[in-house]
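File shown: coords_39.cif. Contents: mmCIF, C-alpha atoms.
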```cif
data_query
#
loop_
_atom_site.label_atom_id
_atom_site.label_comp_id
_atom_site.auth_asym_id
_atom_site.auth_seq_id
_atom_site.Cartn_x
_atom_site.Cartn_y
_atom_site.Cartn_z
CA MET A 1324 0.00 0.00 0.00
CA LEU A 1325 1.63 3.17 -1.21
CA TYR A 1326 1.02 6.85 -0.62
CA PHE A 1327 0.48 9.22 -3.55
CA ARG A 1328 0.18 12.95 -4.09
CA SER A 1329 -3.05 12.68 -6.10
CA GLU A 1330 -5.33 10.44 -8.16
CA GLU A 1331 -3.27 11.35 -11.23
CA HIS A 1332 -0.15 9.96 -9.59
CA VAL A 1333 -2.01 6.75 -8.64
CA ASP A 1334 -3.04 6.26 -12.28
CA ARG A 1335 0.48 6.89 -13.56
CA TRP A 1336 1.91 4.34 -11.12
CA CYS A 1337 -0.69 1.73 -12.13
CA SER A 1338 0.09 2.35 -15.79
CA ALA A 1339 3.84 2.06 -15.22
CA TRP A 1340 3.41 -1.27 -13.42
CA ARG A 1341 0.69 -2.47 -15.85
CA LEU A 1342 -1.64 -3.03 -12.92
CA ASP A 1343 -5.33 -2.40 -12.73
CA ARG A 1344 -6.25 0.41 -10.40
CA GLY A 1345 -6.99 -1.03 -6.96
CA ALA A 1346 -8.73 0.83 -4.14
CA VAL A 1347 -7.99 4.43 -3.25
CA MET A 1348 -8.82 5.82 0.17
CA THR A 1349 -8.29 9.09 1.94
CA LEU A 1350 -5.72 9.47 4.66
CA ASP A 1351 -8.50 9.67 7.21
CA GLN A 1352 -10.02 6.37 6.04
CA GLY A 1353 -6.57 4.78 6.14
CA TRP A 1354 -5.97 6.07 9.63
CA ARG A 1355 -9.29 4.65 10.82
CA LEU A 1356 -8.44 1.29 9.24
CA SER A 1357 -4.96 1.26 10.79
CA THR A 1358 -6.31 2.25 14.19
CA ALA A 1359 -8.89 -0.51 14.12
CA TRP A 1360 -6.38 -3.06 12.85
CA PHE A 1361 -3.32 -2.29 14.96
CA SER A 1362 -4.37 -0.68 18.22
CA GLU A 1363 -4.61 -3.97 20.12
CA ASP A 1364 -1.59 -4.96 22.21
CA ARG A 1365 0.02 -7.88 20.37
CA ARG A 1366 2.14 -8.60 23.45
CA ALA A 1367 -0.95 -9.74 25.35
CA PRO A 1368 -1.15 -13.53 25.78
CA GLU A 1369 -4.76 -13.55 24.63
CA TRP A 1370 -4.07 -11.67 21.37
CA ARG A 1371 -5.06 -13.62 18.26
CA ARG A 1372 -5.27 -12.78 14.57
CA ARG A 1373 -8.74 -11.82 13.52
CA THR A 1374 -10.93 -14.37 11.84
CA VAL A 1375 -12.23 -13.75 8.33
CA ASP A 1376 -15.65 -12.97 9.82
CA GLU A 1377 -14.11 -10.40 12.16
CA ILE A 1378 -12.12 -8.77 9.37
CA GLU A 1379 -15.20 -8.55 7.18
CA GLN A 1380 -17.09 -6.92 10.03
CA LEU A 1381 -14.26 -4.42 10.55
CA PHE A 1382 -14.11 -3.54 6.85
CA GLY A 1383 -17.86 -3.02 6.87
CA GLU A 1384 -17.70 -0.69 9.86
CA ILE A 1385 -15.19 1.48 7.98
CA GLY A 1386 -17.29 1.45 4.82
CA LEU A 1387 -15.04 -0.87 2.82
CA THR A 1388 -17.83 -2.86 1.23
CA SER A 1389 -16.91 -3.10 -2.47
CA PRO A 1390 -15.88 -6.49 -3.95
CA PHE A 1391 -12.24 -5.37 -3.66
CA TRP A 1392 -12.47 -6.02 0.08
CA ASN A 1393 -14.06 -9.47 -0.19
CA LEU A 1394 -12.00 -12.12 1.54
CA ARG A 1395 -13.70 -15.26 0.18
CA MET B 1125 9.09 -20.51 26.32
CA ASN B 1126 5.96 -20.80 24.20
CA ASP B 1127 4.94 -19.11 20.96
CA ASP B 1128 2.83 -16.47 22.72
CA GLN B 1129 5.84 -15.48 24.81
CA VAL B 1130 8.06 -15.30 21.74
CA ARG B 1131 5.51 -13.13 19.94
CA ALA B 1132 5.24 -10.87 22.99
CA ARG B 1133 9.01 -10.51 23.22
CA VAL B 1134 9.35 -9.75 19.51
CA TYR B 1135 6.77 -6.97 19.80
CA ASP B 1136 8.08 -5.62 23.09
CA VAL B 1137 11.63 -5.26 21.79
CA THR B 1138 10.46 -3.80 18.50
CA MET B 1139 8.13 -1.26 20.08
CA HIS B 1140 10.89 -0.04 22.40
CA SER B 1141 13.91 -0.17 20.09
CA GLY B 1142 12.50 0.11 16.57
CA ARG B 1143 13.91 -3.22 15.37
CA PRO B 1144 12.82 -6.82 15.93
CA PRO B 1145 15.20 -8.95 17.98
CA LEU B 1146 17.48 -11.48 16.32
CA VAL B 1147 17.09 -15.21 16.92
CA ALA B 1148 20.23 -15.08 19.06
CA ASP B 1149 18.75 -12.27 21.18
CA LEU B 1150 15.56 -14.24 21.74
CA ALA B 1151 17.50 -17.39 22.60
CA ALA B 1152 19.56 -15.48 25.16
CA HIS B 1153 16.46 -13.86 26.65
CA PHE B 1154 14.65 -17.16 27.09
CA GLY B 1155 17.72 -19.25 27.88
CA ALA B 1156 16.74 -21.46 24.97
CA ASP B 1157 18.50 -23.01 22.00
CA ALA B 1158 18.49 -20.97 18.80
CA ALA B 1159 16.86 -23.94 17.07
CA GLU B 1160 13.92 -23.84 19.51
CA VAL B 1161 13.48 -20.12 18.87
CA ALA B 1162 13.71 -20.63 15.11
CA ASP B 1163 11.03 -23.33 15.30
CA SER B 1164 8.76 -21.01 17.29
CA LEU B 1165 9.27 -18.20 14.77
CA GLN B 1166 8.45 -20.57 11.92
CA ARG B 1167 5.19 -21.55 13.64
CA LEU B 1168 4.33 -17.87 14.12
CA ALA B 1169 5.11 -17.28 10.45
CA ALA B 1170 2.93 -20.21 9.43
CA GLY B 1171 0.14 -18.61 11.47
CA ARG B 1172 0.76 -15.32 9.60
CA VAL B 1173 1.65 -13.52 12.79
CA LEU B 1174 5.20 -12.70 11.60
CA VAL B 1175 7.15 -12.86 8.36
CA VAL B 1176 10.37 -14.81 8.90
CA ARG B 1177 13.33 -15.45 6.57
CA ASP B 1178 15.80 -17.05 9.04
CA GLU B 1179 15.28 -13.85 11.10
CA VAL B 1180 12.13 -11.82 11.67
CA VAL B 1181 11.62 -9.66 8.57
CA MET B 1182 8.23 -8.22 9.46
CA ALA B 1183 6.31 -7.97 12.70
CA ALA B 1184 3.44 -5.95 11.30
CA PRO B 1185 3.30 -3.01 11.26
CA PHE B 1186 7.09 -2.97 11.78
CA SER B 1187 9.77 -3.84 9.24
CA ALA B 1188 13.17 -5.18 10.24
CA VAL B 1189 14.74 -3.72 7.12
CA ALA B 1190 14.92 -0.17 5.81
CA THR B 1191 11.90 0.94 3.80
CA PRO B 1192 10.63 4.24 2.32
CA PHE B 1193 8.23 4.54 5.28
CA VAL B 1194 10.06 6.01 8.27
CA VAL B 1195 8.03 6.65 11.40
CA ASP B 1196 9.46 8.87 14.13
CA SER B 1197 7.75 8.61 17.49
CA GLY B 1198 9.19 9.60 20.82
CA SER B 1199 12.93 9.16 20.48
CA VAL B 1200 12.67 6.09 18.23
CA SER B 1201 12.64 5.76 14.44
CA TYR B 1202 10.80 2.79 12.99
CA PHE B 1203 10.51 1.35 9.49
CA ALA B 1204 7.04 0.36 8.30
CA ASN B 1205 6.18 -2.05 5.49
CA CYS B 1206 3.74 0.28 3.71
CA ILE B 1207 1.65 3.38 4.37
CA TRP B 1208 -1.06 1.35 6.11
CA ASP B 1209 1.56 -0.09 8.45
CA ALA B 1210 3.18 3.33 8.86
CA LEU B 1211 -0.15 4.58 10.21
CA GLY B 1212 -0.39 1.40 12.26
CA ILE B 1213 2.74 2.24 14.24
CA PRO B 1214 1.33 5.28 16.07
CA ALA B 1215 -1.92 3.32 16.36
CA MET B 1216 -0.09 0.46 18.09
CA LEU B 1217 2.13 2.71 20.19
CA HIS B 1218 -0.77 5.01 21.10
CA ARG B 1219 1.59 7.93 20.54
CA ASP B 1220 1.95 10.89 18.22
CA ALA B 1221 4.26 10.30 15.27
CA GLU B 1222 5.62 11.77 12.08
CA ILE B 1223 5.73 9.58 8.97
CA ARG B 1224 8.33 10.44 6.35
CA THR B 1225 7.70 8.87 2.98
CA SER B 1226 7.43 9.80 -0.68
CA CYS B 1227 4.92 9.66 -3.50
CA GLY B 1228 4.92 6.12 -4.92
CA ASP B 1229 4.83 7.57 -8.42
CA CYS B 1230 7.17 10.55 -8.55
CA GLY B 1231 9.21 10.22 -5.37
CA THR B 1232 8.38 13.66 -4.01
CA GLY B 1233 8.86 13.69 -0.26
CA MET B 1234 5.65 13.59 1.77
CA THR B 1235 4.92 13.80 5.46
CA VAL B 1236 2.02 12.61 7.58
CA ARG B 1237 1.65 13.79 11.14
CA VAL B 1238 -0.42 11.92 13.71
CA GLU B 1239 -1.33 14.17 16.61
CA ASP B 1240 -3.83 13.56 19.38
CA GLY B 1241 -5.44 10.72 17.48
CA VAL B 1242 -5.84 12.57 14.18
CA ALA B 1243 -3.81 12.02 10.99
CA HIS B 1244 -2.80 15.11 9.00
CA GLY B 1245 -1.54 14.96 5.42
CA ASP B 1246 -2.39 15.71 1.81
CA GLY B 1247 -1.98 12.34 0.10
CA LEU B 1248 -4.07 9.36 -0.96
CA ILE B 1249 -3.59 5.68 -0.15
CA HIS B 1250 -3.72 3.11 -2.92
CA PHE B 1251 -4.26 -0.60 -2.29
CA ALA B 1252 -3.03 -2.38 -5.42
CA LEU B 1253 -4.18 -5.90 -4.55
CA PRO B 1254 -7.65 -7.07 -3.53
CA ALA B 1255 -7.77 -8.06 0.13
CA ARG B 1256 -8.04 -11.80 -0.54
CA GLN B 1257 -4.68 -11.72 -2.38
CA TRP B 1258 -2.67 -9.92 0.30
CA TRP B 1259 -0.99 -13.02 1.68
CA ASN B 1260 -0.16 -14.54 -1.72
CA ASP B 1261 3.01 -12.43 -1.65
CA ILE B 1262 3.03 -10.46 1.56
CA VAL B 1263 6.36 -8.76 0.85
CA PHE B 1264 4.97 -7.30 -2.40
CA THR B 1265 1.69 -6.45 -0.66
#
```

Whole structure, structure tokens version:
Amino acid sequence: MLYFRSEEHVDRWCSAWRLDRGAVMTLDQGWRLSTAWFSEDRRAPEWRRRTVDEIEQLFGEIGLTSPFWNLR
Amino acid sequence: MNDDQVRARVYDVTMHSGRPPLVADLAAHFGADAAEVADSLQRLAAGRVLVVRDEVVMAAPFSAVATPFVVDSGSVSYFANCIWDALGIPAMLHRDAEIRTSCGDCGTGMTVRVEDGVAHGDGLIHFALPARQWWNDIVFT
């Protein structure tokens, strides 16, 4: 996941790498996703990776509902 | 020494120092053989908790190797694996941070500041791969 100055720069990068455009989100959306994903203490004995169901729920809460975010 | 303890130690060292511990450091800490530590790390990698190539390469959101995503927080500089992980470092540390990176296209330097739980910056984040493909090649992802 890379950071770009603008949509134009995203499109140029995709063209250079011959990749389809993926998903673009604002910094605020990315921050909310990172906060939800990483704010747990991974040193805690009870910490576990999220299940697919839990990840899908998290994506939904942040509004990431397009097929791009499907996990199955 | 069990896998949860190894995971906890990897994260504790990384969060405090900016770099994951080496196998030898973990073995010394636990008073264990390096082979036992390596086996534990391989199990954690198989469970997609860490990325391991002999040593810990990634303990998300942290990178053991230099990357174009430098996160300064407190008196420590961290490397992140991508912009999502770079944002994940202040989220995990629960601290303010400054992210120094560059535009993935043109290389122009860019900065993101995280202050009091808010991220400030002018850029956009691009996810190239659909979510279900992230672990096909996690280093590329």

Problem - Shell of 6 Å around range 1137-1147 of chain B, only C-alpha atoms, local chain residues under 2 positions omitted, as JSON, numbers by chain - result: {"B": [1134, 1135, 1149, 1150, 1188, 1202]}

Exercise for the section: Compare A:Ile1378, A:Ala1339, A:Leu1387, A:Trp1392 by their minimum atom-to-atom distance to chain B, counting only C-alpha atoms, and give me the closest one. Expected result: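 Answer, going by the shortest atom-to-atom distance: A:Trp1392.
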
I'd like the neighbourhood of range 1342-1358 of chain A as an mmCIF file with C-alpha atoms, in the coordinates of the input, where a residue qualifies if any of its atoms comes within 6 Å (using all atoms listed in the file), though same-chain residues fewer than 6 positions away should be ignored.
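As written to disk, part24.cif reads:
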```cif
data_model
loop_
_atom_site.group_PDB
_atom_site.id
_atom_site.type_symbol
_atom_site.label_atom_id
_atom_site.label_comp_id
_atom_site.auth_asym_id
_atom_site.auth_seq_id
_atom_site.Cartn_x
_atom_site.Cartn_y
_atom_site.Cartn_z
ATOM 1 C CA LEU B 1211 -0.150 4.580 10.210
ATOM 2 C CA GLY B 1212 -0.390 1.400 12.260
ATOM 3 C CA ALA B 1215 -1.920 3.320 16.360
ATOM 4 C CA LEU B 1248 -4.070 9.360 -0.960
ATOM 5 C CA ILE B 1249 -3.590 5.680 -0.150
ATOM 6 C CA HIS B 1250 -3.720 3.110 -2.920
ATOM 7 C CA PHE B 1251 -4.260 -0.600 -2.290
ATOM 8 C CA ALA B 1252 -3.030 -2.380 -5.420
#
```

Practice task
Residues of chain B no more than 8 Å from chain A, counting all atoms listed in the file: send them over as a PyMOL selection string.
Solution key: chain B and resi 1128-1129+1131-1133+1135-1136+1173+1185+1206-1209+1211-1213+1215-1218+1225-1230+1242-1256+1265

Exercise for the section: Report as a count of residues only the full result of the PyMOL selection byres ((chain B and resi 1179) around 12) when it is applied to this structure. Expected result: 30

Handout entry: Selection under test: the PyMOL selection byres ((chain B and resi 1235) around 7); residues as a list in words
Key =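 Going through the file, the PyMOL selection byres ((chain B and resi 1235) around 7) ends up selecting Glu1222, Ile1223, Arg1224, Thr1225, Gly1233, Met1234, Val1236, Arg1237 and Gly1245 of chain B.
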
Exercise for the section: Kindly give the distance, in Å, that separates CA of Gly1198 in chain B and CA of Val1130 in chain B, rounded to a single decimal. Expected result: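 Result for CA of Gly1198 in chain B versus CA of Val1130 in chain B: 24.9 Å, one decimal.
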
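Here CA of Asp1220 in chain B stands at a distance of 6.3 Å from CA of Ser1197 in chain B.
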
Completion exercise
As a check of understanding: the span from CA of Ala1152 in chain B to CA of Gly1171 in chain B is 24.0 Å
